[in-house]
Every structure is written in structure tokens, then in C-alpha cells.
>>> print(open('upload18.tsv').read())   # TSV, C-alpha atoms
chain	number	residue	atom	x	y	z
A	1370	MET	CA	0.00	0.00	0.00
A	1371	ASN	CA	1.40	3.37	-1.01
A	1372	ALA	CA	1.25	6.44	1.16
A	1373	PRO	CA	-1.14	9.27	0.28
A	1374	LEU	CA	0.69	11.64	-1.99
A	1375	ALA	CA	0.47	14.99	-0.28
A	1376	GLY	CA	-1.32	17.49	1.88
A	1377	LYS	CA	-3.53	16.83	4.86
A	1378	ASP	CA	-4.22	13.27	3.78
A	1379	ARG	CA	-0.55	12.53	4.00
A	1380	GLU	CA	-0.26	14.19	7.40
A	1381	ARG	CA	-3.17	12.18	8.74
A	1382	TRP	CA	-1.74	9.00	7.30
A	1383	PHE	CA	1.65	9.72	8.78
A	1384	ALA	CA	0.22	10.56	12.21
A	1385	ARG	CA	-1.68	7.31	12.19
A	1386	VAL	CA	1.40	5.32	11.28
A	1387	CYS	CA	3.43	6.97	14.06
A	1388	GLU	CA	0.76	6.34	16.64
A	1389	GLU	CA	0.34	2.73	15.59
A	1390	LEU	CA	4.07	2.05	15.76
A	1391	ARG	CA	4.81	4.08	18.87
A	1392	PRO	CA	4.62	1.12	21.32
A	1393	ASP	CA	7.13	-0.79	19.21
A	1394	LEU	CA	9.40	2.25	18.95
A	1395	PHE	CA	9.28	2.75	22.69
A	1396	ARG	CA	10.10	-0.88	23.41
A	1397	PHE	CA	12.96	-0.85	20.92
A	1398	ALA	CA	14.33	2.33	22.49
A	1399	PHE	CA	13.88	0.88	25.97
A	1400	TRP	CA	15.95	-2.17	25.15
A	1401	LEU	CA	18.63	-0.03	23.54
A	1402	ALA	CA	18.86	2.29	26.52
A	1403	ARG	CA	17.59	-0.04	29.25
A	1404	ASP	CA	16.07	3.04	30.78
A	1405	ARG	CA	12.45	4.15	30.58
A	1406	GLN	CA	13.11	7.86	30.75
A	1407	ALA	CA	15.84	7.73	28.12
A	1408	ALA	CA	13.59	5.63	25.90
A	1409	GLU	CA	10.78	8.16	26.09
A	1410	ASP	CA	13.15	10.99	25.24
A	1411	VAL	CA	14.58	9.08	22.31
A	1412	VAL	CA	11.14	8.25	20.93
A	1413	GLN	CA	9.95	11.81	21.41
A	1414	GLU	CA	12.89	13.25	19.49
A	1415	SER	CA	12.73	10.52	16.87
A	1416	LEU	CA	9.07	11.20	16.12
A	1417	LEU	CA	9.82	14.87	15.74
A	1418	ARG	CA	12.62	14.11	13.32
A	1419	ALA	CA	10.40	11.71	11.45
A	1420	TRP	CA	7.62	14.27	11.26
A	1421	ARG	CA	9.96	16.79	9.68
A	1422	SER	CA	11.10	14.23	7.12
A	1423	ARG	CA	7.72	12.64	6.51
A	1424	ASP	CA	7.78	13.44	2.79
A	1425	SER	CA	10.67	11.06	2.31
A	1426	LEU	CA	8.59	8.07	3.39
A	1427	ASP	CA	6.84	6.50	0.44
A	1428	ALA	CA	5.08	3.35	1.64
A	1429	VAL	CA	3.47	1.83	4.69
A	1430	GLY	CA	5.61	-1.25	4.40
A	1431	SER	CA	8.81	0.70	4.91
A	1432	ALA	CA	7.54	2.94	7.73
A	1433	ARG	CA	8.40	0.56	10.51
A	1434	GLN	CA	11.96	-0.01	9.34
A	1435	TRP	CA	12.42	3.69	8.66
A	1436	LEU	CA	11.24	4.71	12.12
A	1437	LEU	CA	13.31	2.03	13.83
A	1438	THR	CA	16.36	3.35	12.02
A	1439	ILE	CA	15.60	6.88	13.22
A	1440	VAL	CA	15.22	5.64	16.80
A	1441	ARG	CA	18.47	3.74	16.59
A	1442	ARG	CA	20.34	6.76	15.24
A	1443	GLU	CA	18.79	9.06	17.80
A	1444	HIS	CA	19.80	6.72	20.59
A	1445	ALA	CA	23.36	6.56	19.25
A	1446	ARG	CA	23.46	10.34	18.85
A	1447	ARG	CA	22.35	10.92	22.44
A	1448	PHE	CA	24.71	8.32	23.74
A	1449	GLU	CA	27.61	9.99	21.98
A	1450	ARG	CA	26.56	13.51	22.93
A	1451	LYS	CA	25.85	12.88	26.56
A	1452	ARG	CA	28.64	10.42	27.17
A	1453	LEU	CA	26.39	8.47	29.45
A	1454	GLU	CA	28.29	7.07	32.31
A	1455	THR	CA	28.83	3.34	32.37
A	1456	VAL	CA	26.94	1.67	35.15
A	1457	GLN	CA	26.97	-1.83	36.50
A	1458	VAL	CA	24.25	-3.94	35.02
A	1459	ASP	CA	23.08	-5.03	38.45
A	1460	GLN	CA	22.61	-1.39	39.36
A	1461	LEU	CA	20.73	-0.86	36.13
A	1462	VAL	CA	18.48	-3.79	36.93
A	1463	ASP	CA	17.80	-2.44	40.39
A	1464	GLU	CA	17.00	1.02	39.05
A	1465	GLU	CA	14.59	-0.49	36.60
A	1466	SER	CA	12.99	-2.59	39.26
A	1467	PRO	CA	9.54	-1.02	38.94
A	1468	GLU	CA	9.72	-1.91	35.29
A	1469	LEU	CA	10.93	-5.37	36.03
A	1470	ALA	CA	8.79	-6.14	38.99
A	1471	VAL	CA	5.36	-5.53	37.56
A	1472	ALA	CA	3.06	-8.42	38.17
A	1473	GLU	CA	4.55	-10.98	35.84
A	1474	GLU	CA	5.24	-14.63	35.99
A	1475	ARG	CA	8.54	-15.49	37.54
A	1476	GLU	CA	9.96	-16.88	34.31
A	1477	VAL	CA	9.18	-13.66	32.44
A	1478	LEU	CA	10.76	-11.61	35.20
A	1479	ASP	CA	13.89	-13.77	35.17
A	1480	MET	CA	14.07	-13.60	31.40
A	1481	ARG	CA	13.77	-9.80	31.45
A	1482	ARG	CA	16.66	-9.56	33.87
A	1483	ALA	CA	18.71	-11.95	31.77
A	1484	ILE	CA	18.06	-9.91	28.63
A	1485	MET	CA	19.10	-6.79	30.53
A	1486	ARG	CA	22.44	-8.45	31.15
A	1487	LEU	CA	23.07	-9.43	27.54
A	1488	PRO	CA	25.81	-7.49	25.78
A	1489	ASP	CA	24.42	-4.77	23.50
A	1490	ASP	CA	25.69	-6.61	20.42
A	1491	TYR	CA	23.55	-9.62	21.30
A	1492	ARG	CA	20.54	-7.87	22.76
A	1493	GLU	CA	19.79	-5.58	19.84
A	1494	PRO	CA	19.47	-8.20	17.09
A	1495	LEU	CA	17.44	-10.37	19.45
A	1496	VAL	CA	14.99	-7.51	20.05
A	1497	LEU	CA	14.75	-6.83	16.32
A	1498	GLN	CA	14.09	-10.49	15.58
A	1499	VAL	CA	11.78	-11.57	18.38
A	1500	LEU	CA	9.93	-8.36	19.16
A	1501	MET	CA	10.02	-6.53	15.83
A	1502	GLY	CA	9.66	-9.64	13.70
A	1503	GLN	CA	12.53	-8.74	11.40
A	1504	THR	CA	14.27	-11.34	9.27
A	1505	THR	CA	17.98	-11.89	9.71
A	1506	HIS	CA	18.47	-10.21	6.34
A	1507	GLU	CA	16.60	-7.12	7.53
A	1508	ILE	CA	18.53	-7.09	10.79
A	1509	ALA	CA	21.81	-7.27	8.88
A	1510	ALA	CA	20.78	-4.28	6.80
A	1511	GLN	CA	19.63	-2.37	9.87
A	1512	LEU	CA	22.83	-2.99	11.82
A	1513	GLY	CA	25.26	-2.84	8.93
A	1514	LEU	CA	26.43	-6.41	9.47
A	1515	THR	CA	26.69	-9.50	7.33
A	1516	GLN	CA	23.86	-11.97	7.67
A	1517	GLY	CA	26.35	-14.50	9.03
A	1518	ALA	CA	27.36	-12.13	11.79
A	1519	VAL	CA	23.73	-11.58	12.70
A	1520	LEU	CA	23.10	-15.32	12.86
A	1521	THR	CA	26.11	-15.76	15.11
A	1522	ARG	CA	24.97	-13.02	17.49
A	1523	LEU	CA	21.46	-14.40	17.65
A	1524	PHE	CA	22.76	-17.90	18.34
A	1525	ARG	CA	25.03	-16.63	21.09
A	1526	ALA	CA	22.30	-14.49	22.60
A	1527	ARG	CA	20.04	-17.50	23.00
A	1528	GLN	CA	22.93	-19.60	24.26
A	1529	LYS	CA	23.66	-17.07	26.98
A	1530	LEU	CA	20.02	-16.87	27.97
A	1531	ARG	CA	19.73	-20.65	28.14
A	1532	VAL	CA	22.81	-20.92	30.30
A	1533	GLU	CA	21.90	-18.00	32.56
A	1534	LEU	CA	18.39	-19.30	33.11
A	1535	GLY	CA	19.52	-22.87	33.60
A	1536	LEU	CA	17.55	-24.08	30.62
A	1537	GLY	CA	20.32	-26.27	29.27
A	1538	GLU	CA	23.96	-26.62	28.52
A	1539	GLY	CA	23.65	-24.87	25.20
A	1540	ALA	CA	24.46	-26.39	21.86
A	1541	ASP	CA	28.14	-27.09	22.00
A	1542	GLN	CA	27.66	-30.83	21.62
A	1543	GLY	CA	25.13	-32.81	19.65
A	1544	ASP	CA	23.43	-36.06	20.53
A	1545	ASP	CA	24.96	-37.64	17.45
A	1546	GLY	CA	28.46	-36.96	18.80
A	1547	SER	CA	29.03	-33.95	16.54
A	1548	SER	CA	30.75	-30.96	18.01
A	1549	LEU	CA	31.24	-27.45	16.82
A	1550	GLY	CA	33.66	-24.67	17.45
A	1551	GLU	CA	32.78	-21.03	17.28
A	1552	PRO	CA	29.82	-20.35	15.04
A	1553	THR	CA	30.74	-18.45	11.92
B	1166	MET	CA	23.21	-31.71	8.54
B	1167	ASN	CA	24.33	-33.04	11.92
B	1168	CYS	CA	22.91	-32.20	15.34
B	1169	LEU	CA	25.33	-29.37	16.05
B	1170	GLN	CA	24.74	-27.72	12.73
B	1171	PHE	CA	21.03	-28.01	13.35
B	1172	ARG	CA	21.30	-26.49	16.82
B	1173	GLN	CA	23.41	-23.65	15.55
B	1174	ALA	CA	20.88	-22.86	12.84
B	1175	ALA	CA	17.90	-23.28	15.13
B	1176	GLY	CA	19.55	-21.22	17.85
B	1177	ALA	CA	19.92	-18.31	15.46
B	1178	ASP	CA	16.44	-18.42	13.98
B	1179	PRO	CA	14.20	-21.10	15.48
B	1180	GLY	CA	11.11	-19.84	13.71
B	1181	HIS	CA	12.49	-20.22	10.22
B	1182	LEU	CA	14.18	-23.52	9.53
B	1183	SER	CA	15.82	-24.28	6.21
B	1184	PRO	CA	14.54	-27.38	4.39
B	1185	GLU	CA	17.71	-29.21	5.49
B	1186	ALA	CA	17.15	-28.27	9.11
B	1187	ALA	CA	13.48	-29.23	8.93
B	1188	ALA	CA	14.46	-32.61	7.48
B	1189	HIS	CA	16.93	-33.15	10.32
B	1190	ARG	CA	14.31	-32.21	12.90
B	1191	ASP	CA	11.91	-34.74	11.47
B	1192	THR	CA	14.43	-37.54	11.89
B	1193	CYS	CA	16.07	-36.58	15.19
B	1194	PRO	CA	13.84	-36.63	18.28
B	1195	ALA	CA	16.51	-34.97	20.43
B	1196	CYS	CA	16.84	-32.02	18.06
B	1197	ALA	CA	13.07	-31.80	17.70
B	1198	GLU	CA	12.89	-31.52	21.47
B	1199	TYR	CA	15.70	-28.95	21.46
B	1200	LEU	CA	13.78	-26.89	18.90
B	1201	HIS	CA	10.62	-27.15	20.93
B	1202	ASP	CA	12.49	-25.78	23.94
B	1203	LEU	CA	13.91	-22.94	21.85
B	1204	LEU	CA	10.48	-22.00	20.53
B	1205	ALA	CA	9.09	-22.04	24.05
B	1206	MET	CA	11.98	-19.85	25.19
B	1207	ASP	CA	11.28	-17.42	22.36
B	1208	VAL	CA	7.74	-17.03	23.64
B	1209	THR	CA	9.14	-16.10	27.04
B	1210	ILE	CA	11.69	-13.77	25.45
B	1211	ARG	CA	8.93	-11.99	23.58
B	1212	ARG	CA	6.83	-11.60	26.70
B	1213	ALA	CA	9.86	-10.30	28.57
B	1214	LEU	CA	10.62	-7.80	25.83
B	1215	GLU	CA	7.08	-6.48	25.82
B	1216	VAL	CA	7.65	-4.01	28.62
B	1217	PRO	CA	4.59	-1.93	29.47
B	1218	VAL	CA	4.26	1.20	27.38
B	1219	THR	CA	3.33	4.26	29.36
B	1220	ASP	CA	1.18	7.02	28.04
B	1221	GLY	CA	3.97	9.18	26.67
B	1222	ALA	CA	4.12	12.64	28.16
B	1223	ALA	CA	1.68	11.88	30.95
B	1224	ALA	CA	4.05	9.35	32.42
B	1225	ARG	CA	7.17	11.40	32.09
B	1226	ASN	CA	9.35	11.94	35.08
B	1227	PRO	CA	9.23	15.72	35.76
B	1228	ARG	CA	12.65	15.67	37.40
B	1229	SER	CA	14.47	14.86	34.21
B	1230	SER	CA	11.98	15.87	31.60
B	1231	PRO	CA	13.34	18.74	29.53
B	1232	VAL	CA	10.70	21.44	29.26
B	1233	VAL	CA	11.20	22.39	25.66
B	1234	PRO	CA	11.10	18.89	24.19
B	1235	GLN	CA	8.01	18.16	26.22
B	1236	ARG	CA	6.25	21.17	24.73
B	1237	ARG	CA	7.39	20.10	21.31
B	1238	TRP	CA	6.08	16.64	22.01
B	1239	LEU	CA	2.76	18.07	23.10
B	1240	ALA	CA	2.59	20.05	19.88
B	1241	LEU	CA	3.26	16.93	17.91
B	1242	ALA	CA	0.82	14.97	20.01
B	1243	ALA	CA	-1.85	17.56	19.31
B	1244	SER	CA	-1.31	17.19	15.60
B	1245	VAL	CA	-1.32	13.43	15.96
B	1246	VAL	CA	-4.59	13.50	17.87
B	1247	ALA	CA	-6.12	15.83	15.32
B	1248	GLY	CA	-5.03	13.53	12.55
B	1249	VAL	CA	-6.38	10.53	14.35
B	1250	LEU	CA	-9.74	12.18	14.97
B	1251	VAL	CA	-10.13	13.22	11.39
B	1252	GLY	CA	-8.97	9.86	10.17
B	1253	THR	CA	-11.25	7.81	12.35
B	1254	VAL	CA	-12.47	5.81	9.42
B	1255	LEU	CA	-8.93	4.76	8.63
B	1256	TRP	CA	-8.38	3.78	12.23
B	1257	ILE	CA	-11.17	1.26	12.33
B	1258	GLY	CA	-9.68	-2.08	11.57
B	1259	GLY	CA	-6.11	-1.01	12.24
B	1260	PRO	CA	-5.35	-3.81	14.69
B	1261	ARG	CA	-7.11	-6.33	12.49
B	1262	ALA	CA	-5.19	-5.13	9.45
B	1263	SER	CA	-2.00	-5.48	11.45
B	1264	LEU	CA	-2.89	-9.06	12.37
B	1265	ALA	CA	-3.64	-9.85	8.74
B	1266	ARG	CA	-0.33	-8.37	7.64
B	1267	GLU	CA	1.55	-10.38	10.23
B	1268	VAL	CA	-0.14	-13.58	9.10
B	1269	VAL	CA	0.92	-12.98	5.49
B	1270	ASN	CA	4.42	-11.94	6.57
B	1271	HIS	CA	4.78	-15.09	8.60
B	1272	VAL	CA	3.74	-17.31	5.73
B	1273	THR	CA	6.02	-15.59	3.23
B	1274	HIS	CA	8.95	-16.10	5.59
B	1275	GLU	CA	8.43	-19.86	5.69
B	1276	PRO	CA	8.60	-20.76	1.99
B	1277	GLN	CA	9.80	-24.28	2.70
B	1278	SER	CA	6.31	-25.03	3.96
B	1279	PHE	CA	5.02	-25.07	0.37
B	1280	ALA	CA	7.68	-27.46	-0.83
B	1281	ALA	CA	6.80	-30.23	1.60
B	1282	THR	CA	4.86	-33.12	0.13
B	1283	HIS	CA	4.59	-35.35	3.14
B	1284	SER	CA	4.70	-34.84	6.89
B	1285	ASP	CA	5.48	-37.32	9.60
B	1286	PRO	CA	2.22	-38.09	11.46
B	1287	ALA	CA	4.15	-37.96	14.74
B	1288	VAL	CA	5.32	-34.42	13.93
B	1289	VAL	CA	1.81	-33.36	12.99
B	1290	ASP	CA	0.49	-34.84	16.20
B	1291	ARG	CA	3.13	-33.04	18.27
B	1292	VAL	CA	2.39	-29.69	16.59
B	1293	LEU	CA	-1.34	-30.08	17.09
B	1294	ARG	CA	-0.94	-31.09	20.72
B	1295	ALA	CA	1.40	-28.18	21.42
B	1296	GLY	CA	-1.20	-25.85	19.95
B	1297	GLY	CA	-4.04	-27.35	21.92
B	1298	ILE	CA	-6.02	-28.60	18.95
B	1299	ARG	CA	-7.04	-31.82	17.25
B	1300	LEU	CA	-8.00	-32.34	13.62
B	1301	ARG	CA	-10.92	-34.61	12.91
B	1302	PRO	CA	-9.51	-37.80	11.36
B	1303	GLY	CA	-9.41	-37.61	7.59
B	1304	ALA	CA	-10.40	-33.96	7.54
B	1305	ALA	CA	-7.19	-32.72	5.97
B	1306	ASP	CA	-4.15	-34.04	4.13
B	1307	VAL	CA	-1.41	-32.27	6.09
B	1308	THR	CA	1.86	-31.94	4.15
B	1309	TYR	CA	3.64	-29.63	6.56
B	1310	ALA	CA	3.36	-28.94	10.28
B	1311	ASN	CA	5.45	-26.69	12.46
B	1312	SER	CA	5.09	-24.99	15.84
B	1313	CYS	CA	5.82	-21.37	15.06
B	1314	PRO	CA	6.32	-18.30	17.22
B	1315	PHE	CA	3.66	-15.75	16.36
B	1316	ARG	CA	2.87	-12.66	18.41
B	1317	GLY	CA	4.47	-14.13	21.49
B	1318	ARG	CA	2.75	-17.48	21.28
B	1319	ILE	CA	3.52	-20.83	19.73
B	1320	VAL	CA	0.94	-21.56	17.06
B	1321	PRO	CA	0.34	-24.52	14.76
B	1322	HIS	CA	1.37	-23.70	11.19
B	1323	LEU	CA	-0.01	-26.30	8.80
B	1324	VAL	CA	-0.09	-26.71	5.05
B	1325	VAL	CA	-2.77	-28.98	3.67
B	1326	ARG	CA	-3.10	-30.44	0.19
B	1327	THR	CA	-6.32	-29.40	-1.57
B	1328	ALA	CA	-7.75	-29.35	-5.07
B	1329	HIS	CA	-6.71	-25.69	-5.19
B	1330	GLY	CA	-3.11	-26.46	-4.34
B	1331	PRO	CA	-1.39	-26.10	-0.97
B	1332	VAL	CA	-3.36	-24.12	1.57
B	1333	THR	CA	-1.79	-22.68	4.69
B	1334	VAL	CA	-3.56	-22.81	8.03
B	1335	LEU	CA	-2.46	-20.86	11.10
B	1336	VAL	CA	-4.37	-21.65	14.27
B	1337	LEU	CA	-4.40	-18.52	16.43
B	1338	ARG	CA	-5.91	-19.46	19.76
B	1339	ASP	CA	-4.97	-16.12	21.33
B	1340	GLU	CA	-6.22	-13.85	18.55
B	1341	PRO	CA	-9.99	-13.60	19.04
B	1342	LEU	CA	-12.04	-11.94	16.32
B	1343	THR	CA	-15.63	-10.79	16.22
B	1344	ARG	CA	-15.93	-11.18	12.46
B	1345	SER	CA	-14.01	-12.52	9.50
B	1346	ILE	CA	-11.27	-10.58	7.73
B	1347	ARG	CA	-10.45	-11.09	4.08
B	1348	LEU	CA	-6.79	-11.41	3.20
B	1349	ASN	CA	-5.48	-10.48	-0.21
B	1350	ASP	CA	-1.87	-9.51	-0.09
B	1351	ASP	CA	1.51	-10.46	-1.49
B	1352	GLY	CA	0.14	-13.15	-3.76
B	1353	PHE	CA	-2.01	-14.74	-1.09
B	1354	ARG	CA	-5.75	-14.79	-0.73
B	1355	GLY	CA	-7.77	-16.16	2.13
B	1356	SER	CA	-9.39	-15.14	5.34
B	1357	LEU	CA	-9.04	-14.88	9.07
B	1358	VAL	CA	-12.12	-16.31	10.69
B	1359	PRO	CA	-13.28	-16.44	14.30
B	1360	ALA	CA	-12.90	-19.96	15.65
B	1361	GLY	CA	-13.02	-21.44	19.11
B	1362	PRO	CA	-11.38	-19.11	21.62
B	1363	GLY	CA	-9.41	-17.35	18.88
B	1364	SER	CA	-9.23	-17.43	15.12
B	1365	ILE	CA	-7.90	-19.39	12.19
B	1366	ALA	CA	-6.11	-18.02	9.14
B	1367	VAL	CA	-6.51	-19.88	5.86
B	1368	LEU	CA	-4.44	-18.76	2.88
B	1369	GLY	CA	-3.87	-20.02	-0.62
B	1370	ASP	CA	-2.60	-18.55	-3.84
B	1371	SER	CA	-4.36	-15.45	-5.05
B	1372	ARG	CA	-6.45	-17.24	-7.72
B	1373	SER	CA	-8.22	-19.63	-5.39
B	1374	ASP	CA	-11.63	-19.28	-3.84
B	1375	LEU	CA	-11.06	-20.83	-0.45
B	1376	SER	CA	-14.43	-20.23	1.17
B	1377	GLU	CA	-15.45	-23.87	1.08
B	1378	ILE	CA	-12.05	-25.08	2.23
B	1379	THR	CA	-12.02	-22.51	5.00
B	1380	ALA	CA	-15.36	-23.68	6.29
B	1381	ARG	CA	-14.29	-27.32	6.11
B	1382	LEU	CA	-10.98	-26.76	7.87
B	1383	THR	CA	-12.35	-24.57	10.63
B	1384	SER	CA	-15.04	-27.09	11.39
B	1385	ALA	CA	-12.42	-29.84	11.46
B	1386	VAL	CA	-10.49	-28.19	14.29
B	1387	GLU	CA	-11.32	-29.34	17.78
B	1388	TRP	CA	-10.02	-27.18	20.61
B	1389	VAL	CA	-8.49	-28.89	23.59
B	1390	GLU	CA	-6.35	-27.69	26.45
B	1391	VAL	CA	-2.85	-26.46	25.67
B	1392	PRO	CA	-0.30	-28.62	27.50
B	1393	GLY	CA	1.07	-26.79	30.50
B	1394	SER	CA	-1.49	-23.99	30.34
B	1395	ARG	CA	-2.33	-22.52	33.72
B	1396	SER	CA	-5.86	-21.44	33.01
>>> encode(input="upload18.tsv", output="C-alpha cells")
Amino acid sequence: MNAPLAGKDRERWFARVCEELRPDLFRFAFWLARDRQAAEDVVQESLLRAWRSRDSLDAVGSARQWLLTIVRREHARRFERKRLETVQVDQLVDEESPELAVAEEREVLDMRRAIMRLPDDYREPLVLQVLMGQTTHEIAAQLGLTQGAVLTRLFRARQKLRVELGLGEGADQGDDGSSLGEPT
Amino acid sequence: MNCLQFRQAAGADPGHLSPEAAAHRDTCPACAEYLHDLLAMDVTIRRALEVPVTDGAAARNPRSSPVVPQRRWLALAASVVAGVLVGTVLWIGGPRASLAREVVNHVTHEPQSFAATHSDPAVVDRVLRAGGIRLRPGAADVTYANSCPFRGRIVPHLVVRTAHGPVTVLVLRDEPLTRSIRLNDDGFRGSLVPAGPGSIAVLGDSRSDLSEITARLTSAVEWVEVPGSRS
């Protein structure tokens, strides 16, 4: 479906798209920043930037990817500008405790904490794949990586989560006796 | 493909197996179990990632909220609200349209499903049981069955052989609908119909009239309890 060409119709269409995608944008920003306040600021600024550049968006299908890219860049820009201090992940988890401790099942709570602890390089592609529904090809394009590198990061992300949550030993040995070194 | 290669591939993208990986899964119970665990973990990952979304400016922390951006946000919000009010007609059906798009996206990302000509009855049975459904005996010739992550849940993804060619069926227990939605997108035609506690998506190629098949398949589904469900 193409976007309306111009004028008020286009503005209405664009506003609708932004509103529809806003929860996803917020969640993406939250998992980049691991901070609710920072995520809201990033989304706020990103939507403003998107609004100013709305004429460059030509189809509904590309809106999601386009807005996610803007959020990602805005997060990187803020991170670089503000030189956010590095904090211990445990401290981060504690500070986000209201976010983490909402009434959820224990396994969801544990998983959220484990995802918090994942390295950025593993967490981001996992969020794009599982939450945003992107293919590994799309993630590679979004992150400027090869598809092989994305597959490796996704594999390692799940491995770390499995190990941290005690869900298994991982996949370093197969039941048929096969073994594997580092994934490529 | 050996077990380790399978686990590496499945660990990177458990929802989209290559034909080689799918063939390995069908012949290796341990890897099938491993995949099942991964898919279940992905459901938990998705639920964990779905942090609550607050109501934008209203939920902002005044201590750290910069005044100017907030005003700018309010200005934008006002324009958004105005747009939404004027475009109410366009809004109706937004969530349903989104569901329909996701169904088509899911199917297009699993092309190997159309290539399958035969499925192991044990695999079909496992997929159906995991999804909390049964198919009336003889109701459908299932050529492909997979437990797929979809919107944070594991859902049965089936392909059945029909006179109109392969037809895809997604059983969406957690996606209730009040009325049917027609699908016609990306070379697929079909419908999402209310069924049991949720809905069922039936898709074929864009030339087929699937109304009869849809009715037959939806009536062939019997809803039972999902294993491990707490309700």
C-alpha cells in the first residue's frame, strides 16, 4: 500500500502510522537504553525528526523499518553527545525494578533480567528479531552487518540466555556426537 | 546436517528452519525436542521484551523531563490526535489489518512449507498437541506442520493439500475476532475467521476461492487444552 501523496491526507496518514508504531518504537528504544526515561526521550525526538522528514517516506511497508532506524540513530546520537556514564548492570536492573517487577510470571521476570544483562551486540538483534519480527536479512541491513554475523549473534544471545536461566547446557555438543567450534 | 549444525541454525532463527534443518528435525527426536524448547523460550523472550508502554508525556518523570522537548512533544501529540480524529475511518480495523499483515508476513517467511509433500504423522500430532487442537480424522491431508512463534505465542502452522493447491492454516488461539477478515496480499488470498477461543487463518494462492475449504478446515479443528497452560 502506497502512502497518500500529499497534503492533509498525508499528514493524517503519517500521524496514524506513528501512533500505531509508537509502542514498538518505545520498546525498541527501551531495550537499547535499558532506561524508561531515556527511551521516552529518544522516541519523542525521533518522532519529531520523522515528522519533519515525513515526505521522504513512500510506503506503509517501509515505515516501521524507517522509524526504527531513526530511533536507533537518535539513541546513538544521544549516547555519543551525553557520554552516558557506564553503570553496572546489576545497578541498572535495580533502578529499573519497577519496570521489572510488575506483576509478571517469575519466568518472564527472570528472562527480562537476563536480557538486561546481555551485551548490546547480542541484545539488539534479538529484540529486532523476536519483538520486531525482522528477518535476519533485515537485521543485517539495519545494523550494517553480514547476515552471518547476525546469525552468530542471535545464536550466542540464546545460548547465553539458556545458560543463565539454567535451561540447558547450550548447543556445544550434539546427541549424534558432533561438536562445533565457534559459530561463523 | 548433523545435530550441532542443526542447533546452531535453530539457535539463530528457530522460527524459520531451512529445508535441510526441517528434514533433520523430522528424523532426530533430540533435536526436535531442542527446537521445541527454543520456541518455548522465544515465547518467554517476547513476553519479557514487551515491557509496558506508558502514556507518553503523561508518564514522564518531571525531574528529568526537559521542558522544551516536552512542549514540542505536546505540539506533535496535538497534531497526531487531530489527525487521528479526522482519520477515524482509517483507524477502524487497524489492529485487524495489522494481524492480517503479520499472518501474510509469517507465511512468506516460511517458503519451505510449500515445498513439503509429506509430513510425519508424529510431527503433525506433536504440533497439534502443542497448539491445543485436534483435527478430525481424515479432515485434511497435512503436508507440513510446524510450531511457530507468532505474536508471542507458539501456534500450529499447517499446510494442507487441496484441489486448489497447498493451503496454509495458522491456528491462532490467542487472537480472538468478532468477524471474518479477508486477506489479499503479497500473492495470497484467504481469510481470518473467528474460531473457538481465537481465530484461524486460511491462505492459498491469489487465484483460489477458499471459502469452502475454509469452512471445512475450521469445522475440522477441535479445541483442547494447551499442554502446560495454567488457566
>>> atom_distance(input="upload18.tsv", atom1="CA of Val1289 in chain B", atom2="CA of Leu1368 in chain B")
18.8 Å
>>> interface_residues(input="upload18.tsv", of="chain B", to="chain A", cutoff="6 Å", atoms="all atoms listed in the file", output="PyMOL selection string")
chain B and resi 1168-1169+1172+1176-1177+1209+1211+1213+1245+1248
>>> write_last_selection(input="upload18.tsv", atoms="C-alpha atoms", output="PDB file, in the coordinates of the input")
ATOM      1  CA  CYS B1168      22.910 -32.200  15.340  1.00  0.00           C
ATOM      2  CA  LEU B1169      25.330 -29.370  16.050  1.00  0.00           C
ATOM      3  CA  ARG B1172      21.300 -26.490  16.820  1.00  0.00           C
ATOM      4  CA  GLY B1176      19.550 -21.220  17.850  1.00  0.00           C
ATOM      5  CA  ALA B1177      19.920 -18.310  15.460  1.00  0.00           C
ATOM      6  CA  THR B1209       9.140 -16.100  27.040  1.00  0.00           C
ATOM      7  CA  ARG B1211       8.930 -11.990  23.580  1.00  0.00           C
ATOM      8  CA  ALA B1213       9.860 -10.300  28.570  1.00  0.00           C
ATOM      9  CA  VAL B1245      -1.320  13.430  15.960  1.00  0.00           C
ATOM     10  CA  GLY B1248      -5.030  13.530  12.550  1.00  0.00           C
TER      11      GLY B1248
END
>>> closest_residue(input="upload18.tsv", among="B:Pro1179, B:Pro1392, B:Gly1355, B:Gly1296", to="Val1269 in chain B", atoms="only C-alpha atoms")
B:Gly1355
>>> atom_distance(input="upload18.tsv", atom1="CA of Leu1214 in chain B", atom2="CA of Ala1402 in chain A")
13.0 Å
>>> closest_residue(input="upload18.tsv", among="B:Ser1284, B:Pro1362, B:Arg1326, B:Val1216", to="Glu1390 in chain B", atoms="only C-alpha atoms")
B:Pro1362
>>> atom_distance(input="upload18.tsv", atom1="CA of Pro1331 in chain B", atom2="CA of Val1307 in chain B")
9.4 Å
